[in-house]
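Q: Handing over my_file.pdb, PDB, C-alpha atoms.
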```pdb
ATOM      1  CA  MET A   1       0.000   0.000   0.000
ATOM      2  CA  LYS A   2       1.065   3.577  -0.699
ATOM      3  CA  ALA A   3       0.794   6.468   1.720
ATOM      4  CA  LEU A   4       0.795  10.214   1.212
ATOM      5  CA  VAL A   5       2.045  12.403   4.065
ATOM      6  CA  LEU A   6       1.150  16.099   3.995
ATOM      7  CA  VAL A   7       4.115  18.188   5.157
ATOM      8  CA  GLY A   8       3.715  21.394   3.184
ATOM      9  CA  GLY A   9       2.395  23.773   5.855
ATOM     10  CA  PHE A  10       4.210  26.829   7.186
ATOM     11  CA  GLY A  11       3.840  25.895  10.876
ATOM     12  CA  THR A  12       2.966  29.462  11.853
ATOM     13  CA  ARG A  13       1.741  28.522  15.342
ATOM     14  CA  LEU A  14       5.203  27.167  16.160
ATOM     15  CA  ARG A  15       7.217  30.221  15.154
ATOM     16  CA  PRO A  16      10.059  30.991  15.689
ATOM     17  CA  LEU A  17      10.818  27.244  15.626
ATOM     18  CA  THR A  18       9.632  27.055  12.034
ATOM     19  CA  LEU A  19      11.345  30.176  10.737
ATOM     20  CA  THR A  20      14.344  28.056   9.776
ATOM     21  CA  THR A  21      13.008  24.487   9.983
ATOM     22  CA  PRO A  22       9.822  22.892   8.607
ATOM     23  CA  LYS A  23       7.579  21.667  11.402
ATOM     24  CA  GLN A  24       7.972  17.985  10.509
ATOM     25  CA  MET A  25      11.762  18.261  10.638
ATOM     26  CA  LEU A  26      11.732  19.493  14.240
ATOM     27  CA  PRO A  27      13.148  16.846  16.597
ATOM     28  CA  ILE A  28      10.921  14.772  18.849
ATOM     29  CA  ALA A  29      13.146  13.171  21.486
ATOM     30  CA  GLY A  30      16.113  13.528  19.151
ATOM     31  CA  ARG A  31      14.536  12.248  15.916
ATOM     32  CA  PRO A  32      12.832  14.406  13.281
ATOM     33  CA  MET A  33       9.063  14.336  13.639
ATOM     34  CA  ILE A  34       8.662  12.953  10.114
ATOM     35  CA  GLU A  35      10.581   9.821  11.117
ATOM     36  CA  TRP A  36       8.125   9.092  13.929
ATOM     37  CA  VAL A  37       5.272   9.401  11.408
ATOM     38  CA  VAL A  38       6.796   7.453   8.516
ATOM     39  CA  GLY A  39       8.553   4.792  10.568
ATOM     40  CA  ARG A  40       5.302   3.316  11.894
ATOM     41  CA  LEU A  41       3.839   2.837   8.429
ATOM     42  CA  ALA A  42       6.180  -0.027   7.550
ATOM     43  CA  ASN A  43       4.422  -2.072  10.248
ATOM     44  CA  PHE A  44       1.246  -1.948   8.160
ATOM     45  CA  GLY A  45       2.584  -3.020   4.785
ATOM     46  CA  VAL A  46       3.239   0.479   3.445
ATOM     47  CA  ASP A  47       6.039   0.068   0.909
ATOM     48  CA  GLU A  48       6.298   3.647  -0.335
ATOM     49  CA  VAL A  49       5.554   7.056   1.154
ATOM     50  CA  VAL A  50       5.078  10.200  -0.901
ATOM     51  CA  LEU A  51       5.873  13.439   0.924
ATOM     52  CA  SER A  52       3.774  16.360  -0.282
ATOM     53  CA  LEU A  53       6.172  19.271   0.180
ATOM     54  CA  GLY A  54       5.622  23.002   0.099
ATOM     55  CA  TYR A  55       7.503  25.059   2.689
ATOM     56  CA  ARG A  56      11.293  24.525   2.710
ATOM     57  CA  PRO A  57      11.350  21.296   0.651
ATOM     58  CA  ASP A  58      15.151  21.468   0.651
ATOM     59  CA  ALA A  59      15.221  20.510   4.325
ATOM     60  CA  PHE A  60      13.639  17.120   3.600
ATOM     61  CA  ILE A  61      15.605  16.466   0.419
ATOM     62  CA  GLU A  62      18.920  17.236   2.134
ATOM     63  CA  ALA A  63      18.045  15.112   5.176
ATOM     64  CA  TYR A  64      17.141  12.034   3.086
ATOM     65  CA  PRO A  65      19.270  12.185  -0.076
ATOM     66  CA  ASP A  66      18.889   8.434  -0.637
ATOM     67  CA  GLN A  67      15.080   8.823  -0.466
ATOM     68  CA  VAL A  68      14.744   6.517   2.515
ATOM     69  CA  CYS A  69      13.188   7.812   5.744
ATOM     70  CA  ALA A  70      13.043   5.633   8.873
ATOM     71  CA  GLY A  71      13.695   2.607   6.658
ATOM     72  CA  VAL A  72      10.806   3.359   4.273
ATOM     73  CA  PRO A  73      11.288   4.382   0.605
ATOM     74  CA  ILE A  74      10.024   7.908   0.022
ATOM     75  CA  ARG A  75       9.285  10.131  -2.969
ATOM     76  CA  TYR A  76       8.921  13.895  -3.102
ATOM     77  CA  VAL A  77       6.184  15.935  -4.736
ATOM     78  CA  ILE A  78       6.616  19.709  -4.461
ATOM     79  CA  GLU A  79       3.766  22.215  -4.756
ATOM     80  CA  ASP A  80       4.616  25.402  -6.630
ATOM     81  CA  GLU A  81       1.881  27.194  -4.672
ATOM     82  CA  PRO A  82      -0.320  26.266  -1.699
ATOM     83  CA  LEU A  83      -3.237  24.122  -2.872
ATOM     84  CA  GLY A  84      -5.056  23.460   0.402
ATOM     85  CA  THR A  85      -5.408  20.042   1.991
ATOM     86  CA  ALA A  86      -7.485  18.447  -0.781
ATOM     87  CA  GLY A  87      -5.612  20.231  -3.539
ATOM     88  CA  ALA A  88      -2.343  18.898  -2.145
ATOM     89  CA  VAL A  89      -3.760  15.376  -2.033
ATOM     90  CA  ARG A  90      -4.973  15.591  -5.626
ATOM     91  CA  PHE A  91      -1.715  17.025  -6.908
ATOM     92  CA  ALA A  92       0.546  14.560  -5.080
ATOM     93  CA  ALA A  93      -1.573  11.466  -5.758
ATOM     94  CA  THR A  94      -1.779  12.349  -9.458
ATOM     95  CA  GLU A  95       1.947  13.042  -9.729
ATOM     96  CA  ALA A  96       2.733   9.779  -7.926
ATOM     97  CA  GLY A  97       0.304   7.751 -10.036
ATOM     98  CA  PHE A  98      -1.833   6.374  -7.206
ATOM     99  CA  ASP A  99      -4.399   4.034  -8.780
ATOM    100  CA  SER A 100      -5.620   1.963  -5.818
ATOM    101  CA  THR A 101      -6.642   2.418  -2.193
ATOM    102  CA  PHE A 102      -4.113   4.613  -0.375
ATOM    103  CA  LEU A 103      -3.486   6.342   2.947
ATOM    104  CA  VAL A 104      -3.250  10.060   3.663
ATOM    105  CA  LEU A 105      -1.715  11.347   6.896
ATOM    106  CA  ASN A 106      -1.154  14.777   8.380
ATOM    107  CA  GLY A 107       2.573  14.967   9.022
ATOM    108  CA  ASP A 108       2.229  16.909  12.280
ATOM    109  CA  VAL A 109       0.082  14.310  14.072
ATOM    110  CA  LEU A 110       1.687  11.627  16.234
ATOM    111  CA  THR A 111      -0.429   8.538  16.749
ATOM    112  CA  ASP A 112      -0.225   4.813  17.447
ATOM    113  CA  LEU A 113      -3.331   4.094  15.367
ATOM    114  CA  ASP A 114      -3.694   0.545  14.014
ATOM    115  CA  VAL A 115      -3.864   1.359  10.309
ATOM    116  CA  ASP A 116      -4.745  -2.232   9.336
ATOM    117  CA  VAL A 117      -7.960  -2.044  11.358
ATOM    118  CA  LEU A 118      -8.911   1.247   9.703
ATOM    119  CA  VAL A 119      -8.249  -0.126   6.204
ATOM    120  CA  ASP A 120     -10.265  -3.293   6.933
ATOM    121  CA  PHE A 121     -13.190  -1.162   8.133
ATOM    122  CA  HIS A 122     -12.922   1.002   5.000
ATOM    123  CA  ARG A 123     -13.114  -2.023   2.716
ATOM    124  CA  THR A 124     -15.896  -3.727   4.637
ATOM    125  CA  SER A 125     -17.940  -0.511   4.495
ATOM    126  CA  GLN A 126     -17.293  -0.139   0.750
ATOM    127  CA  ALA A 127     -16.417   3.464   1.445
ATOM    128  CA  GLU A 128     -14.905   6.002  -0.923
ATOM    129  CA  ALA A 129     -13.119   7.592   2.017
ATOM    130  CA  THR A 130     -12.686   6.734   5.688
ATOM    131  CA  ILE A 131     -11.554   9.043   8.475
ATOM    132  CA  ALA A 132      -9.843   7.974  11.686
ATOM    133  CA  LEU A 133     -11.564   9.600  14.666
ATOM    134  CA  HIS A 134     -10.271  10.529  18.103
ATOM    135  CA  ARG A 135     -12.235  11.580  21.194
ATOM    136  CA  VAL A 136     -11.281  14.908  22.828
ATOM    137  CA  ASP A 137     -12.607  16.964  25.721
ATOM    138  CA  ASP A 138     -13.007  20.139  23.663
ATOM    139  CA  PRO A 139     -13.687  19.580  19.945
ATOM    140  CA  SER A 140     -14.031  23.274  19.065
ATOM    141  CA  ALA A 141     -10.560  23.484  17.463
ATOM    142  CA  PHE A 142     -11.122  20.517  15.163
ATOM    143  CA  GLY A 143     -13.330  19.052  12.481
ATOM    144  CA  VAL A 144     -16.141  17.240  14.323
ATOM    145  CA  VAL A 145     -17.466  14.045  12.738
ATOM    146  CA  PRO A 146     -20.832  12.558  13.803
ATOM    147  CA  THR A 147     -21.709   9.145  12.333
ATOM    148  CA  ASP A 148     -24.629   6.728  12.235
ATOM    149  CA  ALA A 149     -24.553   3.270  13.798
ATOM    150  CA  ASP A 150     -22.715   1.825  10.776
ATOM    151  CA  GLY A 151     -19.996   4.457  10.828
ATOM    152  CA  ARG A 152     -21.356   6.421   7.876
ATOM    153  CA  VAL A 153     -20.567  10.106   8.340
ATOM    154  CA  ILE A 154     -23.747  12.189   8.535
ATOM    155  CA  ALA A 155     -22.067  15.605   8.761
ATOM    156  CA  PHE A 156     -18.658  17.230   8.833
ATOM    157  CA  VAL A 157     -18.638  20.236  11.116
ATOM    158  CA  GLU A 158     -15.433  22.269  11.001
ATOM    159  CA  LYS A 159     -14.464  23.878  14.354
ATOM    160  CA  PRO A 160     -17.900  24.347  15.926
ATOM    161  CA  PRO A 161     -18.395  26.202  19.229
ATOM    162  CA  ARG A 162     -17.903  23.689  22.039
ATOM    163  CA  GLU A 163     -21.515  23.864  23.193
ATOM    164  CA  GLU A 164     -22.780  23.259  19.647
ATOM    165  CA  ALA A 165     -20.553  20.323  18.733
ATOM    166  CA  PRO A 166     -22.704  17.279  17.810
ATOM    167  CA  THR A 167     -20.074  14.856  19.180
ATOM    168  CA  ASP A 168     -16.681  14.831  20.850
ATOM    169  CA  LEU A 169     -15.193  12.694  18.061
ATOM    170  CA  ILE A 170     -12.856  14.653  15.806
ATOM    171  CA  ASN A 171     -11.026  14.175  12.537
ATOM    172  CA  ALA A 172      -7.717  12.605  13.631
ATOM    173  CA  GLY A 173      -5.830  13.330  10.408
ATOM    174  CA  THR A 174      -5.480   9.806   8.986
ATOM    175  CA  TYR A 175      -7.585   8.871   5.951
ATOM    176  CA  VAL A 176      -8.100   5.903   3.651
ATOM    177  CA  LEU A 177      -9.054   7.064   0.154
ATOM    178  CA  GLU A 178     -10.090   5.519  -3.138
ATOM    179  CA  PRO A 179      -8.817   6.999  -6.430
ATOM    180  CA  SER A 180     -12.366   8.188  -7.182
ATOM    181  CA  VAL A 181     -11.955  10.808  -4.463
ATOM    182  CA  ILE A 182      -9.047  12.323  -6.365
ATOM    183  CA  GLU A 183     -11.146  12.594  -9.501
ATOM    184  CA  SER A 184     -13.761  14.625  -7.619
ATOM    185  CA  ILE A 185     -11.288  17.280  -6.365
ATOM    186  CA  PRO A 186     -11.122  20.325  -8.672
ATOM    187  CA  ALA A 187      -7.722  20.957 -10.261
ATOM    188  CA  GLY A 188      -5.848  24.211 -10.498
ATOM    189  CA  ARG A 189      -6.989  25.884  -7.290
ATOM    190  CA  ALA A 190      -6.777  25.563  -3.511
ATOM    191  CA  VAL A 191      -9.322  23.069  -2.142
ATOM    192  CA  SER A 192      -9.981  22.180   1.512
ATOM    193  CA  ILE A 193     -10.595  18.508   2.193
ATOM    194  CA  GLU A 194     -12.394  19.439   5.411
ATOM    195  CA  ARG A 195     -14.643  22.180   4.009
ATOM    196  CA  GLU A 196     -15.268  20.950   0.461
ATOM    197  CA  THR A 197     -14.305  17.343  -0.252
ATOM    198  CA  PHE A 198     -15.640  15.663   2.887
ATOM    199  CA  PRO A 199     -19.018  17.463   2.785
ATOM    200  CA  GLU A 200     -19.411  16.364  -0.857
ATOM    201  CA  LEU A 201     -18.728  12.752   0.154
ATOM    202  CA  VAL A 202     -21.254  13.084   2.987
ATOM    203  CA  ALA A 203     -23.835  14.098   0.378
ATOM    204  CA  ARG A 204     -22.931  10.984  -1.651
ATOM    205  CA  GLN A 205     -23.166   8.861   1.528
ATOM    206  CA  THR A 206     -19.747   7.355   0.801
ATOM    207  CA  LEU A 207     -17.768   8.863   3.682
ATOM    208  CA  PHE A 208     -17.232   6.647   6.722
ATOM    209  CA  ALA A 209     -15.318   7.077   9.968
ATOM    210  CA  ARG A 210     -14.053   4.917  12.795
ATOM    211  CA  ALA A 211     -12.977   5.888  16.304
ATOM    212  CA  ALA A 212     -10.024   4.311  18.075
ATOM    213  CA  GLU A 213      -8.785   4.554  21.647
ATOM    214  CA  THR A 214      -5.090   5.129  21.016
ATOM    215  CA  TYR A 215      -2.317   7.617  21.552
ATOM    216  CA  TRP A 216      -2.916  10.756  19.475
ATOM    217  CA  LEU A 217      -1.361  14.213  19.560
ATOM    218  CA  ASP A 218      -1.498  17.223  17.247
ATOM    219  CA  THR A 219       1.910  18.883  17.673
ATOM    220  CA  GLY A 220       0.923  22.266  16.263
ATOM    221  CA  THR A 221       1.648  24.529  19.261
ATOM    222  CA  PRO A 222       4.747  24.957  21.465
ATOM    223  CA  GLU A 223       2.921  23.437  24.449
ATOM    224  CA  LEU A 224       1.925  20.355  22.457
ATOM    225  CA  TYR A 225       5.366  20.098  20.888
ATOM    226  CA  ILE A 226       6.866  19.931  24.378
ATOM    227  CA  LYS A 227       4.261  17.344  25.353
ATOM    228  CA  ALA A 228       5.170  15.200  22.331
ATOM    229  CA  ASN A 229       8.777  15.096  23.527
ATOM    230  CA  LEU A 230       7.964  14.477  27.167
ATOM    231  CA  ASP A 231       5.402  11.759  26.408
ATOM    232  CA  ILE A 232       8.197   9.725  24.848
ATOM    233  CA  ILE A 233      10.918  10.200  27.449
ATOM    234  CA  THR A 234       8.578   9.779  30.441
ATOM    235  CA  GLY A 235       6.747   6.727  29.106
ATOM    236  CA  ASN A 236       3.370   8.415  28.654
ATOM    237  CA  ARG A 237       3.324   7.119  25.085
ATOM    238  CA  PRO A 238       3.101   3.356  25.625
ATOM    239  CA  GLY A 239       5.652   1.197  23.878
ATOM    240  CA  VAL A 240       7.754   4.117  22.629
ATOM    241  CA  SER A 241      10.960   5.343  24.231
ATOM    242  CA  ALA A 242      14.055   7.376  23.459
ATOM    243  CA  GLU A 243      17.133   8.622  25.255
ATOM    244  CA  ALA A 244      16.425  11.944  26.977
ATOM    245  CA  VAL A 245      19.980  13.202  27.541
ATOM    246  CA  ARG A 246      22.688  13.218  24.900
ATOM    247  CA  GLY A 247      24.521  16.336  26.058
ATOM    248  CA  ASP A 248      26.553  17.152  29.167
ATOM    249  CA  VAL A 249      24.744  17.910  32.438
ATOM    250  CA  ALA A 250      26.730  19.054  35.462
ATOM    251  CA  GLY A 251      26.391  17.007  38.617
ATOM    252  CA  SER A 252      24.937  19.899  40.617
ATOM    253  CA  ALA A 253      22.390  20.816  37.946
ATOM    254  CA  THR A 254      18.726  19.834  38.316
ATOM    255  CA  LEU A 255      17.220  18.149  35.248
ATOM    256  CA  THR A 256      13.587  17.026  35.373
ATOM    257  CA  ASP A 257      11.526  15.564  32.500
ATOM    258  CA  SER A 258      13.525  17.321  29.798
ATOM    259  CA  VAL A 259      15.287  16.573  26.519
ATOM    260  CA  VAL A 260      18.932  17.626  26.204
ATOM    261  CA  GLY A 261      20.237  17.431  22.645
ATOM    262  CA  ILE A 262      23.602  16.469  21.212
ATOM    263  CA  GLY A 263      26.381  18.876  22.154
ATOM    264  CA  SER A 264      24.230  20.751  24.654
ATOM    265  CA  THR A 265      25.543  21.609  28.112
ATOM    266  CA  VAL A 266      23.794  22.391  31.366
ATOM    267  CA  ALA A 267      26.152  24.092  33.804
ATOM    268  CA  ALA A 268      26.485  23.812  37.573
ATOM    269  CA  ASP A 269      23.440  24.726  39.684
ATOM    270  CA  ALA A 270      21.259  25.287  36.584
ATOM    271  CA  VAL A 271      17.648  24.072  36.638
ATOM    272  CA  VAL A 272      15.914  22.604  33.558
ATOM    273  CA  VAL A 273      12.347  21.363  33.969
ATOM    274  CA  ARG A 274       9.820  20.069  31.363
ATOM    275  CA  SER A 275      11.768  21.642  28.545
ATOM    276  CA  VAL A 276      13.293  20.769  25.180
ATOM    277  CA  LEU A 277      16.904  21.745  24.542
ATOM    278  CA  MET A 278      17.881  21.000  20.953
ATOM    279  CA  ASN A 279      21.480  20.566  19.791
ATOM    280  CA  GLY A 280      24.368  22.780  20.844
ATOM    281  CA  VAL A 281      22.425  24.636  23.526
ATOM    282  CA  VAL A 282      24.295  26.168  26.479
ATOM    283  CA  VAL A 283      22.508  26.742  29.784
ATOM    284  CA  GLY A 284      24.798  28.737  32.039
ATOM    285  CA  GLU A 285      25.553  28.430  35.724
ATOM    286  CA  GLY A 286      22.500  29.010  37.909
ATOM    287  CA  ALA A 287      20.204  29.591  34.939
ATOM    288  CA  VAL A 288      16.598  28.362  35.033
ATOM    289  CA  VAL A 289      14.655  26.922  32.071
ATOM    290  CA  THR A 290      11.127  25.656  32.669
ATOM    291  CA  ASP A 291       8.330  24.586  30.265
ATOM    292  CA  SER A 292      10.225  26.089  27.332
ATOM    293  CA  ILE A 293      11.936  25.268  24.023
ATOM    294  CA  LEU A 294      15.490  26.253  23.098
ATOM    295  CA  MET A 295      16.484  25.716  19.469
ATOM    296  CA  ASP A 296      19.920  24.775  18.153
ATOM    297  CA  GLY A 297      22.771  26.978  19.340
ATOM    298  CA  VAL A 298      20.834  28.973  21.934
ATOM    299  CA  ALA A 299      22.837  30.355  24.856
ATOM    300  CA  VAL A 300      21.141  31.061  28.185
ATOM    301  CA  GLU A 301      23.781  32.867  30.186
ATOM    302  CA  ALA A 302      24.437  32.608  33.910
ATOM    303  CA  GLY A 303      21.479  33.387  36.161
ATOM    304  CA  ALA A 304      19.023  33.968  33.314
ATOM    305  CA  HIS A 305      15.457  32.637  33.483
ATOM    306  CA  VAL A 306      13.452  31.272  30.523
ATOM    307  CA  THR A 307      10.035  30.140  31.738
ATOM    308  CA  ASP A 308       6.316  29.532  31.155
ATOM    309  CA  GLY A 309       6.195  28.311  27.573
ATOM    310  CA  SER A 310       8.873  30.551  26.112
ATOM    311  CA  VAL A 311      10.385  29.661  22.741
ATOM    312  CA  ILE A 312      13.902  30.801  21.839
ATOM    313  CA  GLY A 313      14.895  30.664  18.166
ATOM    314  CA  ALA A 314      18.081  29.213  16.725
ATOM    315  CA  GLY A 315      21.303  30.946  17.695
ATOM    316  CA  GLU A 316      19.707  33.479  20.061
ATOM    317  CA  CYS A 317      21.366  34.584  23.302
ATOM    318  CA  VAL A 318      19.540  35.222  26.571
ATOM    319  CA  GLY A 319      21.770  37.591  28.516
ATOM    320  CA  ALA A 320      23.073  36.937  32.011
ATOM    321  CA  GLY A 321      20.493  37.622  34.708
ATOM    322  CA  SER A 322      17.680  38.439  32.255
ATOM    323  CA  HIS A 323      14.172  36.986  32.490
ATOM    324  CA  ILE A 324      12.026  35.786  29.588
ATOM    325  CA  GLN A 325       8.551  34.650  30.612
ATOM    326  CA  ALA A 326       5.866  33.276  28.259
ATOM    327  CA  ASP A 327       7.497  34.966  25.273
ATOM    328  CA  ARG A 328       9.058  34.125  21.921
ATOM    329  CA  VAL A 329      12.478  35.296  20.698
ATOM    330  CA  PRO A 330      12.432  36.559  18.034
ATOM    331  CA  ARG A 331       8.759  37.445  18.258
ATOM    332  CA  PRO A 332       6.646  36.315  15.286
ATOM    333  CA  GLU A 333       5.590  39.170  13.029
TER     334      GLU A 333
END
```
Using structure tokens, write down the structure from this file.
A:
Amino acid sequence: MKALVLVGGFGTRLRPLTLTTPKQMLPIAGRPMIEWVVGRLANFGVDEVVLSLGYRPDAFIEAYPDQVCAGVPIRYVIEDEPLGTAGAVRFAATEAGFDSTFLVLNGDVLTDLDVDVLVDFHRTSQAEATIALHRVDDPSAFGVVPTDADGRVIAFVEKPPREEAPTDLINAGTYVLEPSVIESIPAGRAVSIERETFPELVARQTLFARAAETYWLDTGTPELYIKANLDIITGNRPGVSAEAVRGDVAGSATLTDSVVGIGSTVAADAVVVRSVLMNGVVVGEGAVVTDSILMDGVAVEAGAHVTDGSVIGAGECVGAGSHIQADRVPRPE
């Protein structure tokens, strides 16, 4: 089976992390996010993955020059202009010559979904398209997907107010599609799969969905990006683990539930809590970093504090004794 992974977005909610690096190339516990997504697919008989690229395609091409990612053969399809979620699917699937049932995945979602079960349900239902669903406490930031008793989707409600949501089951960003879906997506313009394609399939009564109780996380904000890292190193994501510390941490430093990247150093009496330090980061003596993200090459000088969800971009310096609280450096425009 073939799979298409959508990785073309700008990642604006994660800036400044994404000013220099595409979202799916950001590290999760030391490995690029895209490797966590693609690597699982081999377990379900996926023998080729097509990456639909848009923003900074060079980052992916340079990282995987042999066109193998996490042991899976990959191909690249590059959009000249943003085509929306459905437009990207149509363009990439056409360019790659998909002519049978295939998977589509959002490249910024981490999940342990059993893809085989979803594909079996899709085929048994004789669906044109099938959506994986996930239950959340507040569905207002997602596409909400009510179904009938057979799993046929009866509506697709994009980001409803919480009190008006017809269910707490949301679009989890993994789809099984038939080639006929591609034929129904208009060419040459931006098309939203959530706002145009899925509602059309609802009208044809050929859109189905299935919920699964499994690990699922949208990594689109700094807080959720930190959570994605910590879930792996603390064991909150069952069956998945990675080394948390690859840098140098002084004996008198305090390190709690944090990732320390290659070549990073945490000096004496520094405190690092629930944070992600990428590669080549320096945390000076007595400095404090909590609930924050430091990109490659950041220096936090002696006695400085970086706290409360702050994000420090690549190569930035936080001066000695200064305090950065719930802020981003540089600030997004």
Q: If you measure from atom CA of Arg210 of chain A to atom CA of Gly8 of chain A, what distance in Å do you get, rounded to one decimal?
A: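 About the pair atom CA of Arg210 of chain A and atom CA of Gly8 of chain A: they are 26.1 Å apart.
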Q: Show which residues sit within 8 Å of Ala209 of chain A, as an MDAnalysis selection string. Count all atoms listed in the file, and ignore same-chain residues fewer than 4 positions away.
A: chainID A and resid 130:133 145 147 151:153
Q: Listing only residues of segment 28-137 of chain A within 12 Å of segment 178-196 of chain A, what is the closest atom pair and its distance in Å (to one decimal) for each, using all atoms listed in the file, sorted by chain and residue number ascending, as CSV?
A:
```
residue,atom,partner,partner_atom,distance
A:Glu79,CA,A:Ala190,CA,11.1
A:Asp80,CA,A:Gly188,CA,11.2
A:Glu81,CA,A:Ala190,CA,8.9
A:Pro82,CA,A:Ala190,CA,6.7
A:Leu83,CA,A:Ala190,CA,3.9
A:Gly84,CA,A:Ala190,CA,4.8
A:Thr85,CA,A:Ser192,CA,5.1
A:Ala86,CA,A:Ile193,CA,4.3
A:Gly87,CA,A:Val191,CA,4.9
A:Ala88,CA,A:Ala190,CA,8.1
A:Val89,CA,A:Ile182,CA,7.5
A:Arg90,CA,A:Ile182,CA,5.3
A:Phe91,CA,A:Ala187,CA,7.9
A:Ala92,CA,A:Ile182,CA,9.9
A:Ala93,CA,A:Ile182,CA,7.5
A:Thr94,CA,A:Ile182,CA,7.9
A:Glu95,CA,A:Ile182,CA,11.5
A:Ala96,CA,A:Pro179,CA,12.0
A:Gly97,CA,A:Pro179,CA,9.8
A:Phe98,CA,A:Pro179,CA,7.1
A:Asp99,CA,A:Pro179,CA,5.8
A:Ser100,CA,A:Pro179,CA,6.0
A:Thr101,CA,A:Glu178,CA,4.7
A:Phe102,CA,A:Glu178,CA,6.6
A:Leu103,CA,A:Glu178,CA,9.0
A:Val104,CA,A:Glu178,CA,10.7
A:Asn106,CA,A:Ile193,CA,11.9
A:Val119,CA,A:Glu178,CA,11.1
A:His122,CA,A:Glu178,CA,9.7
A:Arg123,CA,A:Glu178,CA,10.0
A:Gln126,CA,A:Glu178,CA,10.0
A:Ala127,CA,A:Glu178,CA,8.1
A:Glu128,CA,A:Glu178,CA,5.3
A:Ala129,CA,A:Glu178,CA,6.3
A:Thr130,CA,A:Glu178,CA,9.3
A:Ile131,CA,A:Glu194,CA,10.9
```
Q: Since I can't run it myself right now, could you work out what the PyMOL selection byres ((chain A and resi 246) around 9) selects here and report it as a PDB file with C-alpha atoms, in the frame of the given file?
A:
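Output contents, as saved in part13.pdb:
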```pdb
ATOM      1  CA  GLY A  30      16.113  13.528  19.151  1.00  0.00           C
ATOM      2  CA  GLU A 243      17.133   8.622  25.255  1.00  0.00           C
ATOM      3  CA  ALA A 244      16.425  11.944  26.977  1.00  0.00           C
ATOM      4  CA  VAL A 245      19.980  13.202  27.541  1.00  0.00           C
ATOM      5  CA  GLY A 247      24.521  16.336  26.058  1.00  0.00           C
ATOM      6  CA  ASP A 248      26.553  17.152  29.167  1.00  0.00           C
ATOM      7  CA  VAL A 259      15.287  16.573  26.519  1.00  0.00           C
ATOM      8  CA  VAL A 260      18.932  17.626  26.204  1.00  0.00           C
ATOM      9  CA  GLY A 261      20.237  17.431  22.645  1.00  0.00           C
ATOM     10  CA  ILE A 262      23.602  16.469  21.212  1.00  0.00           C
ATOM     11  CA  GLY A 263      26.381  18.876  22.154  1.00  0.00           C
ATOM     12  CA  SER A 264      24.230  20.751  24.654  1.00  0.00           C
TER      13      SER A 264
END
```
Q: Would you list the contacts of segment 135-141 of chain A as a PyMOL selection string, taking every protein, DNA or RNA residue within 9 Å and counting all atoms listed in the file, but skipping same-chain residues closer than 3 positions in sequence?
A: chain A and resi 144+158-165+167-170+172+211-213
Q: For the PyMOL selection byres ((chain A and resi 77) around 6), applied here, can you spell out every residue it catches as a JSON list (two decimals) with C-alpha atoms, keeping the file's coordinate frame?
A:
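Saved file selection-v3.json follows:
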```
[["chain", "number", "residue", "atom", "x", "y", "z"],
["A", 52, "SER", "CA", 3.77, 16.36, -0.28],
["A", 53, "LEU", "CA", 6.17, 19.27, 0.18],
["A", 76, "TYR", "CA", 8.92, 13.90, -3.10],
["A", 78, "ILE", "CA", 6.62, 19.71, -4.46],
["A", 92, "ALA", "CA", 0.55, 14.56, -5.08]]
```
Q: For the provided coordinates, the residues matched by the PyMOL selection byres ((chain A and resi 20) around 9) should be stated as a PyMOL selection string.
A: chain A and resi 16-19+21-22+56+313-314
Q: Hey, what's within 7 Å of Gly315 of chain A if we count all atoms listed in the file and toss same-chain stuff fewer than 4 positions away? As a list in words, please?
A: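 The residues that qualify are Asp296, Gly297 and Val298 of chain A.
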Q: Go through A:Asp47, A:Gly251, A:Gly321, A:Asn229 one by one, measure the shortest atom-to-atom distance of each to Asp291 of chain A using all atoms listed in the file, and give the residue with the smallest value.
A: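 Of A:Asp47, A:Gly251, A:Gly321, A:Asn229, the one nearest Asp291 of chain A, counting all atoms listed in the file, is A:Asn229.
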Q: Find, counting only C-alpha atoms, the residue in A:Ala268, A:Val282, A:Val289, A:Val49 that gets nearest to Thr256 of chain A.
A: A:Val289
